[in-house]
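Participant: To be precise about what I am sending: the file is called upload.pdb and holds PDB, C-alpha atoms.
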```pdb
MODEL        1
ATOM      1  CA  MET A   1       2.611 121.887 128.756  1.00  0.00           C
ATOM      2  CA  LYS A   2       1.459 122.050 132.352  1.00  0.00           C
ATOM      3  CA  TYR A   3       3.739 119.106 133.342  1.00  0.00           C
ATOM      4  CA  GLN A   4       7.037 120.807 132.335  1.00  0.00           C
ATOM      5  CA  LYS A   5       7.963 121.639 135.949  1.00  0.00           C
ATOM      6  CA  GLY A   6       7.460 118.070 137.103  1.00  0.00           C
ATOM      7  CA  GLN A   7       9.504 116.771 134.178  1.00  0.00           C
ATOM      8  CA  ALA A   8      12.495 118.948 135.118  1.00  0.00           C
ATOM      9  CA  ILE A   9      12.402 117.764 138.734  1.00  0.00           C
ATOM     10  CA  THR A  10      12.246 114.139 137.592  1.00  0.00           C
ATOM     11  CA  GLU A  11      15.198 114.583 135.238  1.00  0.00           C
ATOM     12  CA  PHE A  12      17.172 116.290 138.005  1.00  0.00           C
ATOM     13  CA  ALA A  13      16.374 113.433 140.413  1.00  0.00           C
ATOM     14  CA  ILE A  14      17.743 110.937 137.878  1.00  0.00           C
ATOM     15  CA  ILE A  15      20.877 112.853 136.914  1.00  0.00           C
ATOM     16  CA  PHE A  16      21.908 114.238 140.323  1.00  0.00           C
ATOM     17  CA  PRO A  17      22.978 110.896 141.924  1.00  0.00           C
ATOM     18  CA  LEU A  18      25.039 110.078 138.828  1.00  0.00           C
ATOM     19  CA  PHE A  19      26.690 113.484 139.043  1.00  0.00           C
ATOM     20  CA  LEU A  20      27.511 112.938 142.741  1.00  0.00           C
ATOM     21  CA  ILE A  21      29.042 109.521 141.991  1.00  0.00           C
ATOM     22  CA  LEU A  22      31.204 111.100 139.295  1.00  0.00           C
ATOM     23  CA  LEU A  23      32.255 113.883 141.669  1.00  0.00           C
ATOM     24  CA  LEU A  24      33.156 111.447 144.463  1.00  0.00           C
ATOM     25  CA  GLY A  25      35.084 109.286 141.995  1.00  0.00           C
ATOM     26  CA  LEU A  26      37.147 112.290 140.941  1.00  0.00           C
ATOM     27  CA  PHE A  27      37.747 113.201 144.586  1.00  0.00           C
ATOM     28  CA  PHE A  28      39.100 109.731 145.396  1.00  0.00           C
ATOM     29  CA  LEU A  29      41.186 109.713 142.214  1.00  0.00           C
ATOM     30  CA  PHE A  30      42.771 113.032 143.210  1.00  0.00           C
ATOM     31  CA  ILE A  31      43.552 111.713 146.712  1.00  0.00           C
ATOM     32  CA  TYR A  32      45.201 108.615 145.263  1.00  0.00           C
ATOM     33  CA  CYS A  33      47.193 110.564 142.660  1.00  0.00           C
ATOM     34  CA  TYR A  34      48.405 113.150 145.182  1.00  0.00           C
ATOM     35  CA  ASN A  35      49.673 110.449 147.533  1.00  0.00           C
ATOM     36  CA  LEU A  36      51.301 108.432 144.757  1.00  0.00           C
ATOM     37  CA  ILE A  37      53.090 111.501 143.365  1.00  0.00           C
ATOM     38  CA  ALA A  38      54.243 112.483 146.865  1.00  0.00           C
ATOM     39  CA  LEU A  39      55.646 108.983 147.447  1.00  0.00           C
ATOM     40  CA  GLN A  40      57.382 108.989 144.065  1.00  0.00           C
ATOM     41  CA  THR A  41      58.909 112.400 144.791  1.00  0.00           C
ATOM     42  CA  MET A  42      60.251 111.229 148.141  1.00  0.00           C
ATOM     43  CA  SER A  43      61.616 108.064 146.516  1.00  0.00           C
ATOM     44  CA  ARG A  44      63.439 110.161 143.914  1.00  0.00           C
ATOM     45  CA  ASP A  45      64.820 112.530 146.582  1.00  0.00           C
ATOM     46  CA  ILE A  46      66.129 109.633 148.666  1.00  0.00           C
ATOM     47  CA  ALA A  47      67.661 107.913 145.623  1.00  0.00           C
ATOM     48  CA  ARG A  48      69.394 111.162 144.689  1.00  0.00           C
ATOM     49  CA  ALA A  49      70.745 111.604 148.218  1.00  0.00           C
ATOM     50  CA  MET A  50      71.991 108.007 148.266  1.00  0.00           C
ATOM     51  CA  SER A  51      73.589 108.363 144.839  1.00  0.00           C
ATOM     52  CA  VAL A  52      75.767 111.254 146.009  1.00  0.00           C
ATOM     53  CA  GLY A  53      76.938 109.422 149.120  1.00  0.00           C
ATOM     54  CA  THR A  54      74.449 110.153 151.915  1.00  0.00           C
ATOM     55  CA  THR A  55      73.981 107.161 154.200  1.00  0.00           C
ATOM     56  CA  TYR A  56      70.701 105.421 154.957  1.00  0.00           C
ATOM     57  CA  SER A  57      70.820 106.401 158.644  1.00  0.00           C
ATOM     58  CA  ALA A  58      71.524 110.041 157.749  1.00  0.00           C
ATOM     59  CA  ILE A  59      68.472 110.103 155.476  1.00  0.00           C
ATOM     60  CA  GLN A  60      66.289 108.632 158.228  1.00  0.00           C
ATOM     61  CA  SER A  61      67.513 111.263 160.691  1.00  0.00           C
ATOM     62  CA  ASN A  62      66.946 114.012 158.089  1.00  0.00           C
ATOM     63  CA  TYR A  63      63.305 112.926 157.783  1.00  0.00           C
ATOM     64  CA  SER A  64      62.958 112.748 161.569  1.00  0.00           C
ATOM     65  CA  SER A  65      64.411 116.232 162.056  1.00  0.00           C
ATOM     66  CA  GLY A  66      62.426 117.753 159.187  1.00  0.00           C
ATOM     67  CA  THR A  67      65.457 118.534 157.004  1.00  0.00           C
ATOM     68  CA  MET A  68      63.896 116.404 154.252  1.00  0.00           C
ATOM     69  CA  SER A  69      60.170 116.947 153.751  1.00  0.00           C
ATOM     70  CA  ASN A  70      57.781 114.093 154.476  1.00  0.00           C
ATOM     71  CA  LEU A  71      55.180 114.835 151.808  1.00  0.00           C
ATOM     72  CA  MET A  72      52.845 112.124 153.102  1.00  0.00           C
ATOM     73  CA  VAL A  73      51.794 113.996 156.262  1.00  0.00           C
ATOM     74  CA  GLN A  74      48.856 115.667 154.516  1.00  0.00           C
ATOM     75  CA  GLY A  75      47.583 112.672 152.627  1.00  0.00           C
ATOM     76  CA  TYR A  76      45.381 109.686 153.183  1.00  0.00           C
ATOM     77  CA  TYR A  77      48.336 107.301 153.267  1.00  0.00           C
ATOM     78  CA  VAL A  78      50.891 107.125 156.069  1.00  0.00           C
ATOM     79  CA  TRP A  79      54.654 106.766 155.606  1.00  0.00           C
ATOM     80  CA  ASN A  80      57.066 106.331 158.499  1.00  0.00           C
ATOM     81  CA  PRO A  81      60.802 106.575 157.719  1.00  0.00           C
ATOM     82  CA  ALA A  82      61.760 104.853 160.988  1.00  0.00           C
ATOM     83  CA  ASP A  83      59.766 101.691 160.170  1.00  0.00           C
ATOM     84  CA  ALA A  84      61.580  99.180 157.940  1.00  0.00           C
ATOM     85  CA  SER A  85      58.317  98.002 156.370  1.00  0.00           C
ATOM     86  CA  TYR A  86      57.682 101.530 155.043  1.00  0.00           C
ATOM     87  CA  PHE A  87      61.299 102.402 154.218  1.00  0.00           C
ATOM     88  CA  PRO A  88      63.536  99.357 153.797  1.00  0.00           C
ATOM     89  CA  GLU A  89      67.246  99.938 153.334  1.00  0.00           C
ATOM     90  CA  PRO A  90      67.853 100.893 149.697  1.00  0.00           C
ATOM     91  CA  ALA A  91      69.520  98.283 147.505  1.00  0.00           C
ATOM     92  CA  VAL A  92      72.939  99.184 146.150  1.00  0.00           C
ATOM     93  CA  ASN A  93      73.946  96.998 143.211  1.00  0.00           C
ATOM     94  CA  GLY A  94      77.273  98.095 141.813  1.00  0.00           C
ATOM     95  CA  ASN A  95      76.684 101.646 140.623  1.00  0.00           C
ATOM     96  CA  ASP A  96      72.895 101.591 140.967  1.00  0.00           C
ATOM     97  CA  VAL A  97      70.838 102.638 143.972  1.00  0.00           C
ATOM     98  CA  THR A  98      67.230 101.414 144.147  1.00  0.00           C
ATOM     99  CA  VAL A  99      64.872 102.962 146.681  1.00  0.00           C
ATOM    100  CA  THR A 100      61.454 101.434 147.329  1.00  0.00           C
ATOM    101  CA  LEU A 101      58.965 103.190 149.604  1.00  0.00           C
ATOM    102  CA  THR A 102      55.616 101.865 150.778  1.00  0.00           C
ATOM    103  CA  ALA A 103      52.759 103.836 152.320  1.00  0.00           C
ATOM    104  CA  LYS A 104      49.784 102.301 154.088  1.00  0.00           C
ATOM    105  CA  SER A 105      46.276 103.669 154.372  1.00  0.00           C
ATOM    106  CA  ASP A 106      44.464 104.411 157.574  1.00  0.00           C
ATOM    107  CA  GLY A 107      41.528 102.376 156.264  1.00  0.00           C
ATOM    108  CA  SER A 108      38.891 105.099 156.320  1.00  0.00           C
ATOM    109  CA  TYR A 109      38.048 104.786 152.592  1.00  0.00           C
ATOM    110  CA  SER A 110      37.480 101.288 151.289  1.00  0.00           C
ATOM    111  CA  VAL A 111      37.559 102.370 147.628  1.00  0.00           C
ATOM    112  CA  LEU A 112      41.307 103.122 147.675  1.00  0.00           C
ATOM    113  CA  PRO A 113      44.050 100.453 147.814  1.00  0.00           C
ATOM    114  CA  ASP A 114      45.432  99.582 151.261  1.00  0.00           C
ATOM    115  CA  THR A 115      49.050 100.188 150.252  1.00  0.00           C
ATOM    116  CA  ILE A 116      50.889 102.081 147.549  1.00  0.00           C
ATOM    117  CA  SER A 117      54.558 101.878 146.702  1.00  0.00           C
ATOM    118  CA  ALA A 118      57.042 103.731 144.564  1.00  0.00           C
ATOM    119  CA  SER A 119      60.477 102.664 143.434  1.00  0.00           C
ATOM    120  CA  THR A 120      63.290 104.711 141.909  1.00  0.00           C
ATOM    121  CA  SER A 121      66.646 103.572 140.574  1.00  0.00           C
ATOM    122  CA  MET A 122      69.489 106.005 140.110  1.00  0.00           C
ATOM    123  CA  TYR A 123      73.103 105.741 139.005  1.00  0.00           C
ATOM    124  CA  LYS A 124      75.502 106.123 141.928  1.00  0.00           C
ATOM    125  CA  GLU A 125      78.008 108.881 141.340  1.00  0.00           C
ATOM    126  CA  SER A 126      81.676 108.147 141.969  1.00  0.00           C
ATOM    127  CA  THR A 127      83.312 109.702 144.994  1.00  0.00           C
ATOM    128  CA  THR A 128      86.617 110.393 143.231  1.00  0.00           C
TER     129      THR A 128
ENDMDL
END
```
Before we go any further, please render this structure as structure tokens.

Facilitator:
Amino acid sequence: MKYQKGQAITEFAIIFPLFLILLLGLFFLFIYCYNLIALQTMSRDIARAMSVGTTYSAIQSNYSSGTMSNLMVQGYYVWNPADASYFPEPAVNGNDVTVTLTAKSDGSYSVLPDTISASTSMYKESTT
């Protein structure tokens, strides 16, 4: 009975590192999910704008001026609408518009992927 206090400290010393690893894993998962959802949202917004007739250059200028929100400014990943490797010109195949966006990491966390991408296809509305 006199070793109860030492037993609790030993159990805590064993469990605490495992708890911290779990907590850090959840933190990195939340960072990744936030950035992926932000990229998917921007991809959907751009596809919608393209489907109603907005041009590629107008969308780029809307992101530059702040008219369209760049949701990636707060995240771990970086997305630049002016760079063709991040935001290539959307593909228009008949009545479909496909937008693919890519975001690159700043490299500070090696547990997350270096790049993420999101793609959205949307039916192009007629102008008549």

Participant: Kindly give the distance, in Å, that separates CA of Tyr34 (chain A) and CA of Tyr77 (chain A), rounded to a single decimal.

Facilitator: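 Result for CA of Tyr34 (chain A) versus CA of Tyr77 (chain A): 10.0 Å, one decimal.
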
Participant: My list of candidates is A:Ser43, A:Ser105, A:Ser57, A:Ser85. Which is closest to Met122 (chain A) when distances are computed with only C-alpha atoms?

Facilitator: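 Counting only C-alpha atoms, the residue closest to Met122 (chain A) is A:Ser43.
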
Participant: Can you work out which one of A:Thr102, A:Ser51, A:Thr41, A:Ser61 has the shortest atom-to-atom distance to Lys124 (chain A), counting all atoms listed in the file?

Facilitator: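 Comparing A:Thr102, A:Ser51, A:Thr41, A:Ser61 against Lys124 (chain A), the winner is A:Ser51.
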
Participant: One number please: CA of Gly53 (chain A) to CA of Ser117 (chain A), in Å, one decimal.

Facilitator: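 So the answer is 23.7 Å.
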
Participant: Which residue, A:Phe16, A:Val111, A:Ser126, A:Val92, has the smallest gap to Thr55 (chain A) when you use all atoms listed in the file?

Facilitator: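 The shortest atom-to-atom distance to Thr55 (chain A) comes from A:Val92.
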
Participant: List every protein, DNA or RNA residue with an atom no more than 12 Å from (56.3, 114.7, 157.3) in the file's coordinates, counting all atoms listed in the file, and format the result as a ChimeraX atom specification.

Facilitator: /A:38-39,42,60,62-75,77-82

Participant: Can you write just those residues out, C-alpha atoms, as an mmCIF file, in the frame of the given file?

Facilitator:
```
data_model
loop_
_atom_site.group_PDB
_atom_site.id
_atom_site.type_symbol
_atom_site.label_atom_id
_atom_site.label_comp_id
_atom_site.auth_asym_id
_atom_site.auth_seq_id
_atom_site.Cartn_x
_atom_site.Cartn_y
_atom_site.Cartn_z
ATOM 1 C CA ALA A 38 54.243 112.483 146.865
ATOM 2 C CA LEU A 39 55.646 108.983 147.447
ATOM 3 C CA MET A 42 60.251 111.229 148.141
ATOM 4 C CA GLN A 60 66.289 108.632 158.228
ATOM 5 C CA ASN A 62 66.946 114.012 158.089
ATOM 6 C CA TYR A 63 63.305 112.926 157.783
ATOM 7 C CA SER A 64 62.958 112.748 161.569
ATOM 8 C CA SER A 65 64.411 116.232 162.056
ATOM 9 C CA GLY A 66 62.426 117.753 159.187
ATOM 10 C CA THR A 67 65.457 118.534 157.004
ATOM 11 C CA MET A 68 63.896 116.404 154.252
ATOM 12 C CA SER A 69 60.170 116.947 153.751
ATOM 13 C CA ASN A 70 57.781 114.093 154.476
ATOM 14 C CA LEU A 71 55.180 114.835 151.808
ATOM 15 C CA MET A 72 52.845 112.124 153.102
ATOM 16 C CA VAL A 73 51.794 113.996 156.262
ATOM 17 C CA GLN A 74 48.856 115.667 154.516
ATOM 18 C CA GLY A 75 47.583 112.672 152.627
ATOM 19 C CA TYR A 77 48.336 107.301 153.267
ATOM 20 C CA VAL A 78 50.891 107.125 156.069
ATOM 21 C CA TRP A 79 54.654 106.766 155.606
ATOM 22 C CA ASN A 80 57.066 106.331 158.499
ATOM 23 C CA PRO A 81 60.802 106.575 157.719
ATOM 24 C CA ALA A 82 61.760 104.853 160.988
#
```

Participant: Find, counting all atoms listed in the file, the residue in A:Gly107, A:Gly6, A:Pro17, A:Pro90 that gets nearest to Tyr56 (chain A).

Facilitator: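 Checking each of A:Gly107, A:Gly6, A:Pro17, A:Pro90 against Tyr56 (chain A), counting all atoms listed in the file, the winner is A:Pro90.
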
Participant: Any chance you could build region 12-23 of chain A out to N, CA and C atoms and write it as a PDB file, keeping the file's coordinate frame?

Facilitator:
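Here's the written file selection.pdb:
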```
ATOM      1  N   PHE A  12      16.160 115.927 137.022  1.00  0.00           N
ATOM      2  CA  PHE A  12      17.172 116.290 138.005  1.00  0.00           C
ATOM      3  C   PHE A  12      17.370 115.154 139.009  1.00  0.00           C
ATOM      4  N   ALA A  13      16.292 114.532 139.446  1.00  0.00           N
ATOM      5  CA  ALA A  13      16.374 113.433 140.413  1.00  0.00           C
ATOM      6  C   ALA A  13      17.103 112.220 139.824  1.00  0.00           C
ATOM      7  N   ILE A  14      17.045 112.046 138.526  1.00  0.00           N
ATOM      8  CA  ILE A  14      17.743 110.937 137.878  1.00  0.00           C
ATOM      9  C   ILE A  14      19.219 111.263 137.673  1.00  0.00           C
ATOM     10  N   ILE A  15      19.515 112.465 137.258  1.00  0.00           N
ATOM     11  CA  ILE A  15      20.877 112.853 136.914  1.00  0.00           C
ATOM     12  C   ILE A  15      21.721 113.196 138.142  1.00  0.00           C
ATOM     13  N   PHE A  16      21.138 113.773 139.169  1.00  0.00           N
ATOM     14  CA  PHE A  16      21.908 114.238 140.323  1.00  0.00           C
ATOM     15  C   PHE A  16      22.714 113.138 141.020  1.00  0.00           C
ATOM     16  N   PRO A  17      22.152 111.962 141.306  1.00  0.00           N
ATOM     17  CA  PRO A  17      22.978 110.896 141.924  1.00  0.00           C
ATOM     18  C   PRO A  17      24.151 110.470 141.036  1.00  0.00           C
ATOM     19  N   LEU A  18      23.947 110.425 139.729  1.00  0.00           N
ATOM     20  CA  LEU A  18      25.039 110.078 138.828  1.00  0.00           C
ATOM     21  C   LEU A  18      26.140 111.141 138.866  1.00  0.00           C
ATOM     22  N   PHE A  19      25.736 112.385 138.939  1.00  0.00           N
ATOM     23  CA  PHE A  19      26.690 113.484 139.043  1.00  0.00           C
ATOM     24  C   PHE A  19      27.485 113.397 140.347  1.00  0.00           C
ATOM     25  N   LEU A  20      26.813 113.079 141.458  1.00  0.00           N
ATOM     26  CA  LEU A  20      27.511 112.938 142.741  1.00  0.00           C
ATOM     27  C   LEU A  20      28.503 111.775 142.724  1.00  0.00           C
ATOM     28  N   ILE A  21      28.133 110.664 142.099  1.00  0.00           N
ATOM     29  CA  ILE A  21      29.042 109.521 141.991  1.00  0.00           C
ATOM     30  C   ILE A  21      30.277 109.917 141.182  1.00  0.00           C
ATOM     31  N   LEU A  22      30.082 110.629 140.102  1.00  0.00           N
ATOM     32  CA  LEU A  22      31.204 111.100 139.295  1.00  0.00           C
ATOM     33  C   LEU A  22      32.100 112.043 140.102  1.00  0.00           C
ATOM     34  N   LEU A  23      31.503 112.940 140.855  1.00  0.00           N
ATOM     35  CA  LEU A  23      32.255 113.883 141.669  1.00  0.00           C
ATOM     36  C   LEU A  23      33.056 113.172 142.758  1.00  0.00           C
TER      37      LEU A  23
END
```
